[in-house]
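Have a look at the structure below, then the notes.
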Amino acid sequence: MTAGFTYVGLPYRIRFGRDLLPEVDAEVARLGRSRVLLLTSADLAGPGDRVEDLLGPRCVARFDGAALHTPVGVTEEALGLLQASDADCVVAVGGGSTTGLAKALAARTGVDQVILPTTYAGSEVTPVLGETADGKKTTRSSPSILPETVLYDVELSRGLPVPIAVTSAVNALAHAVEALYSAQANPIVDGWALDAVSAIGAGLEHLAADPFGLDVRADLLRGAWLAGMCLASVGMGLHHKLCHVLGGSFGLPHASTHTVVLPHVMRYNAPAAPEVLARIAGAMGVPDAPSGVDDLVRRADGPTSLRELGLPFDALGEAADQATASPYPNPRTLTREGVLELLTRAWHGVRP
């Protein structure tokens, strides 16, 4: 007999393929919008210029200041430009930072969003917004935060430098991993998660040999999309809590932090979720999931310690305190001592 479960689908339009960028203007028109605020970041001036040209007169303003962890001050600056230009739509070109800015504007104004991801963040398909203010990162969820359209053009992410591709992909992998042992896990999301684990694992395995290969980048992008759908559909656990603490309170880079922390959290949770970890190992084609993820990262020359990300050793206690200050679902019971040990191993870069 099949166990009961609840699944709620989310309303957005997804386009996935190659050479989709020229269709961005038509996607805005399909929404019935005519005045676009283009959002990007300083390092994506080239793709931003191309999208601005494709939008033509429909682009009435541009903001290139998207920043990591979606600082409220940056959002307020972009909000002023949105209002001054009377824009009725935002088009975001970039990774999680740019997507986060678009979602923050939508949360405040209800403005429509068209997202063109250049990384594997996955947040473009979630109704979740994380924002940073006064050294703290907080999250909220609302249907108004969800983008209307996402254009996954493999060519846009194909040029992502390999070091960033590695950390961005492992960030996506974390969404799938935690979905599989989520308190809200269900067969539909499990299917997405295992497909995402398989695709991201394959992409990372072949990234070094074929760093800009279309098939490799398509695997990573498809896996990231599916992992983002997991993040949108079920709750996350210890891994995401730790990364929010380390990013929001200590300023560590988002994707790199996920990359370092994930195998250690998997090892921490393994005794309480052995079947899940076995399914992940099977999808990756490795005997052990935590060490298998760590091996992938090492072979791809990704970061493996919190120390190399710049976290002071004496910050570990405060991070453990914040991560265990309030209860939340996780397969294994959370204790300050256990989380501190996990963080200490991650700081040293010990193989899990």
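How things are named: the first chain in the structure tokens is A, the next is B, and so on; residues count from 1 in each chain; ligands count from 1 in the order shown.
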
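Omitting segment 191-200 of chain A and its sequence neighbours fewer than 3 positions away, and counting only C-alpha atoms, the residues within 7 Å are A:Ala169, A:Leu173, A:Ala176, A:Val177, A:Ala179, A:Leu180, A:Pro187, A:Ile188, A:Gly203, A:Leu204, A:Asp219, A:Leu220, A:Gly223, A:Ala224, A:Leu226, A:Ala227, A:Cys230, A:Ile280, A:Ala283, A:Met284.
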
Could the residues in this selection be saved with C-alpha atoms as an mmCIF file, in the first residue's frame?
```
data_model
loop_
_atom_site.group_PDB
_atom_site.id
_atom_site.type_symbol
_atom_site.label_atom_id
_atom_site.label_comp_id
_atom_site.auth_asym_id
_atom_site.auth_seq_id
_atom_site.Cartn_x
_atom_site.Cartn_y
_atom_site.Cartn_z
ATOM 1 C CA ALA A 169 26.452 22.854 -8.909
ATOM 2 C CA LEU A 173 23.043 19.249 -5.216
ATOM 3 C CA ALA A 176 18.209 17.589 -3.821
ATOM 4 C CA VAL A 177 19.995 15.863 -0.942
ATOM 5 C CA ALA A 179 14.732 17.109 -0.125
ATOM 6 C CA LEU A 180 15.188 13.343 0.091
ATOM 7 C CA PRO A 187 7.439 10.338 -4.284
ATOM 8 C CA ILE A 188 7.128 13.168 -6.826
ATOM 9 C CA GLY A 203 28.128 16.817 -14.902
ATOM 10 C CA LEU A 204 30.679 17.326 -12.135
ATOM 11 C CA ASP A 219 23.360 18.045 -17.283
ATOM 12 C CA LEU A 220 24.356 20.583 -14.640
ATOM 13 C CA GLY A 223 19.962 19.023 -12.478
ATOM 14 C CA ALA A 224 19.988 22.489 -10.939
ATOM 15 C CA LEU A 226 15.147 19.916 -10.760
ATOM 16 C CA ALA A 227 16.969 20.543 -7.490
ATOM 17 C CA CYS A 230 12.823 20.272 -4.759
ATOM 18 C CA ILE A 280 21.939 9.117 -3.130
ATOM 19 C CA ALA A 283 22.186 7.792 -8.056
ATOM 20 C CA MET A 284 25.813 8.954 -8.021
#
```

What parts of segment 39-266 of chain A does DSSP call strand (DSSP E or B)? I'd like the answer as a PyMOL selection string.
chain A and resi 39+41+59-63+65+71+89-94+112-117+128-133+136-141+149-153

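Each of A:Val286, A:Leu79, A:Leu238, A:Val125 was checked against Gly110 of chain A using only C-alpha atoms; the smallest atom-to-atom distance is that of A:Leu79.
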
Please extract the residues of segment 25-227 of chain A with a backbone DSSP assignment of alpha helix (DSSP H) and present them as number ranges by chain.
A: 25-30, 45-55, 72-85, 96-109, 154-158, 162-180, 187-207, 214-227

Find the residue from A:Arg108, A:Pro117, A:Thr6, A:Val60 that sits nearest to Leu44 of chain A; use only C-alpha atoms when measuring.
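The closest residue to Leu44 of chain A is A:Pro117.
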
Arg298 of chain A: which residues within 12 Å, counting only C-alpha atoms, same-chain residues fewer than 6 positions away excluded, as a ChimeraX atom specification?
/A:163,166-167,170,204-205,208,259-260,263,291-292,304-305,349-351

With only C-alpha atoms as the basis for distance, which of A:Gly247, A:Gly310, A:Gly32, A:Gly100 is at the shortest distance from Gly65 of chain A?
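With only C-alpha atoms as the atom set, the closest residue is A:Gly100.
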
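Straight-line separation from atom CA of Ala289 of chain A to atom CA of Arg267 of chain A: 8.4 Å.
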
Under the rule of at most 12 Å, produce a per-residue listing of segment 144-189 of chain A near segment 80-92 of chain A: chain, number, name, the closest pair of atoms, and the distance in Å, as CSV, using only C-alpha atoms.
```
residue,atom,partner,partner_atom,distance
A:Pro147,CA,A:Val90,CA,9.7
A:Glu148,CA,A:Cys89,CA,10.1
A:Thr149,CA,A:Val91,CA,9.6
A:Val150,CA,A:Ala92,CA,9.6
A:Leu151,CA,A:Ala92,CA,10.3
```

Could you write those residues out with N, CA and C atoms, as a PDB file, in the first residue's frame?
```pdb
ATOM      1  N   PRO A 147       8.877  33.764  -9.481  1.00  0.00           N
ATOM      2  CA  PRO A 147       8.934  34.341 -10.832  1.00  0.00           C
ATOM      3  C   PRO A 147       7.851  33.772 -11.745  1.00  0.00           C
ATOM      4  N   GLU A 148       7.474  34.578 -12.722  1.00  0.00           N
ATOM      5  CA  GLU A 148       6.469  34.125 -13.692  1.00  0.00           C
ATOM      6  C   GLU A 148       7.067  33.214 -14.762  1.00  0.00           C
ATOM      7  N   THR A 149       8.275  33.541 -15.222  1.00  0.00           N
ATOM      8  CA  THR A 149       8.910  32.802 -16.322  1.00  0.00           C
ATOM      9  C   THR A 149      10.395  32.623 -16.048  1.00  0.00           C
ATOM     10  N   VAL A 150      10.900  31.433 -16.360  1.00  0.00           N
ATOM     11  CA  VAL A 150      12.339  31.172 -16.300  1.00  0.00           C
ATOM     12  C   VAL A 150      12.789  30.644 -17.654  1.00  0.00           C
ATOM     13  N   LEU A 151      13.777  31.300 -18.238  1.00  0.00           N
ATOM     14  CA  LEU A 151      14.385  30.855 -19.497  1.00  0.00           C
ATOM     15  C   LEU A 151      15.729  30.210 -19.191  1.00  0.00           C
TER      16      LEU A 151
END
```

Counting only C-alpha atoms, figure out which residue out of A:Pro303, A:Lys136, A:Phe250, A:Leu37 gets nearest to Leu105 of chain A.
A:Leu37

Counting only C-alpha atoms, the residue among A:Ala106, A:Leu207, A:Leu31, A:Leu343 that lies closest to Cys243 of chain A is A:Leu343

Shell of 12 Å around segment 69-74 of chain A, only C-alpha atoms, local chain residues under 2 positions omitted, as a PyMOL selection string
chain A and resi 39+41+63-67+76-81+95-105+108+129-139+243-255

Let me see the file: selected residues, N, CA and C atoms, as a compact mmCIF listing (two decimals), in the first residue's frame.
```txt
# COMPACT_ATOMS: atom_id res chain seq x y z
N LEU A 39 17.89 43.72 -14.55
CA LEU A 39 18.74 43.51 -13.37
C LEU A 39 19.90 42.60 -13.72
N SER A 41 24.51 42.03 -12.57
CA SER A 41 25.59 42.41 -11.66
C SER A 41 26.78 42.88 -12.49
N PHE A 63 19.77 48.10 -13.73
CA PHE A 63 20.46 48.14 -12.44
C PHE A 63 21.48 47.01 -12.42
N ASP A 64 22.76 47.36 -12.29
CA ASP A 64 23.85 46.38 -12.34
C ASP A 64 24.45 46.07 -10.97
N GLY A 65 23.72 46.37 -9.90
CA GLY A 65 24.31 46.28 -8.57
C GLY A 65 23.86 45.11 -7.72
N ALA A 66 23.32 44.04 -8.31
CA ALA A 66 22.92 42.88 -7.51
C ALA A 66 24.10 42.39 -6.68
N ALA A 67 23.83 42.00 -5.43
CA ALA A 67 24.91 41.63 -4.51
C ALA A 67 24.58 40.35 -3.77
N GLU A 76 16.65 48.32 -1.70
CA GLU A 76 16.01 49.64 -1.61
C GLU A 76 16.50 50.57 -2.71
N GLU A 77 17.77 50.45 -3.07
CA GLU A 77 18.30 51.26 -4.17
C GLU A 77 17.64 50.87 -5.50
N ALA A 78 17.52 49.57 -5.75
CA ALA A 78 16.88 49.11 -6.98
C ALA A 78 15.39 49.44 -6.99
N LEU A 79 14.77 49.40 -5.82
CA LEU A 79 13.35 49.73 -5.72
C LEU A 79 13.10 51.17 -6.13
N GLY A 80 14.00 52.07 -5.73
CA GLY A 80 13.86 53.46 -6.14
C GLY A 80 13.91 53.61 -7.65
N LEU A 81 14.78 52.84 -8.31
CA LEU A 81 14.88 52.90 -9.77
C LEU A 81 13.64 52.29 -10.42
N GLY A 95 22.98 34.94 -11.50
CA GLY A 95 22.84 33.82 -10.60
C GLY A 95 21.91 34.13 -9.44
N GLY A 96 22.20 33.51 -8.29
CA GLY A 96 21.31 33.67 -7.14
C GLY A 96 21.19 35.09 -6.64
N SER A 97 22.25 35.88 -6.76
CA SER A 97 22.20 37.26 -6.28
C SER A 97 21.22 38.10 -7.08
N THR A 98 21.27 37.96 -8.40
CA THR A 98 20.37 38.73 -9.26
C THR A 98 18.94 38.23 -9.13
N THR A 99 18.79 36.92 -9.09
CA THR A 99 17.45 36.36 -8.88
C THR A 99 16.88 36.82 -7.55
N GLY A 100 17.72 36.81 -6.51
CA GLY A 100 17.26 37.26 -5.20
C GLY A 100 16.79 38.70 -5.22
N LEU A 101 17.49 39.55 -5.95
CA LEU A 101 17.07 40.95 -6.06
C LEU A 101 15.73 41.06 -6.76
N ALA A 102 15.55 40.31 -7.85
CA ALA A 102 14.27 40.33 -8.56
C ALA A 102 13.14 39.89 -7.63
N LYS A 103 13.37 38.85 -6.87
CA LYS A 103 12.34 38.34 -5.96
C LYS A 103 12.04 39.33 -4.83
N ALA A 104 13.10 40.01 -4.35
CA ALA A 104 12.89 41.01 -3.30
C ALA A 104 12.03 42.16 -3.81
N LEU A 105 12.25 42.56 -5.07
CA LEU A 105 11.41 43.62 -5.65
C LEU A 105 9.98 43.14 -5.84
N ARG A 108 7.99 43.17 -2.67
CA ARG A 108 7.59 44.52 -2.22
C ARG A 108 6.55 45.17 -3.13
N LEU A 129 12.55 33.76 -0.40
CA LEU A 129 13.46 34.90 -0.49
C LEU A 129 14.30 34.96 0.78
N GLY A 130 15.62 34.99 0.61
CA GLY A 130 16.53 35.21 1.73
C GLY A 130 17.16 36.58 1.61
N GLU A 131 17.09 37.37 2.67
CA GLU A 131 17.63 38.74 2.66
C GLU A 131 18.53 38.95 3.87
N THR A 132 19.51 39.83 3.70
CA THR A 132 20.46 40.11 4.77
C THR A 132 20.36 41.56 5.22
N ALA A 133 20.29 41.75 6.52
CA ALA A 133 20.29 43.09 7.12
C ALA A 133 20.91 42.99 8.50
N ASP A 134 21.75 43.96 8.83
CA ASP A 134 22.38 44.02 10.16
C ASP A 134 23.10 42.72 10.52
N GLY A 135 23.74 42.09 9.53
CA GLY A 135 24.52 40.90 9.79
C GLY A 135 23.73 39.63 9.99
N LYS A 136 22.42 39.66 9.73
CA LYS A 136 21.58 38.48 9.89
C LYS A 136 20.85 38.20 8.58
N LYS A 137 20.77 36.91 8.23
CA LYS A 137 20.02 36.51 7.04
C LYS A 137 18.71 35.88 7.47
N THR A 138 17.62 36.40 6.93
CA THR A 138 16.29 35.87 7.23
C THR A 138 15.62 35.43 5.93
N THR A 139 14.71 34.49 6.03
CA THR A 139 14.00 33.99 4.85
C THR A 139 12.50 34.11 5.05
N CYS A 243 24.30 26.97 6.36
CA CYS A 243 24.79 27.86 5.31
C CYS A 243 24.20 29.25 5.42
N HIS A 244 22.94 29.36 5.87
CA HIS A 244 22.36 30.68 6.10
C HIS A 244 23.11 31.39 7.23
N VAL A 245 23.44 30.67 8.28
CA VAL A 245 24.18 31.26 9.39
C VAL A 245 25.57 31.71 8.93
N LEU A 246 26.28 30.85 8.24
CA LEU A 246 27.65 31.16 7.83
C LEU A 246 27.69 32.28 6.79
N GLY A 247 26.68 32.34 5.93
CA GLY A 247 26.64 33.40 4.94
C GLY A 247 26.12 34.71 5.51
N GLY A 248 24.98 34.64 6.20
CA GLY A 248 24.34 35.85 6.69
C GLY A 248 25.06 36.51 7.85
N SER A 249 25.61 35.69 8.76
CA SER A 249 26.23 36.25 9.97
C SER A 249 27.74 36.41 9.85
N PHE A 250 28.37 35.64 8.97
CA PHE A 250 29.83 35.68 8.90
C PHE A 250 30.34 36.04 7.51
N GLY A 251 29.43 36.32 6.58
CA GLY A 251 29.81 36.84 5.28
C GLY A 251 30.50 35.86 4.36
N LEU A 252 30.35 34.56 4.57
CA LEU A 252 30.99 33.60 3.68
C LEU A 252 30.25 33.52 2.35
N PRO A 253 30.97 33.24 1.27
CA PRO A 253 30.34 33.15 -0.06
C PRO A 253 29.35 31.99 -0.11
N HIS A 254 28.19 32.25 -0.69
CA HIS A 254 27.06 31.33 -0.61
C HIS A 254 27.38 29.94 -1.17
N ALA A 255 27.69 29.86 -2.46
CA ALA A 255 27.86 28.55 -3.09
C ALA A 255 29.08 27.82 -2.55
```

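Near Asp19 of chain A, within 9 Å and counting only C-alpha atoms, sit Asp153, Val154, Glu155 and Leu156 of chain A; same-chain residues fewer than 5 positions away were not included.
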
Neighbouring residues of Val234 of chain A were defined as those with any atom within 10 Å, considering only C-alpha atoms; residues of the same chain fewer than 6 positions away were excluded. Please report them as a ChimeraX atom specification.
/A:7-8,175,178-186,189

Considering only C-alpha atoms, can you say which of A:Val24, A:Leu340, A:Met236, A:Leu38 comes closest to Tyr268 of chain A?
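Between A:Val24, A:Leu340, A:Met236, A:Leu38, the residue approaching Tyr268 of chain A most closely is A:Leu340.
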
Between atom CA of His240 of chain A and atom CA of Gln322 of chain A lies a distance of 12.6 Å
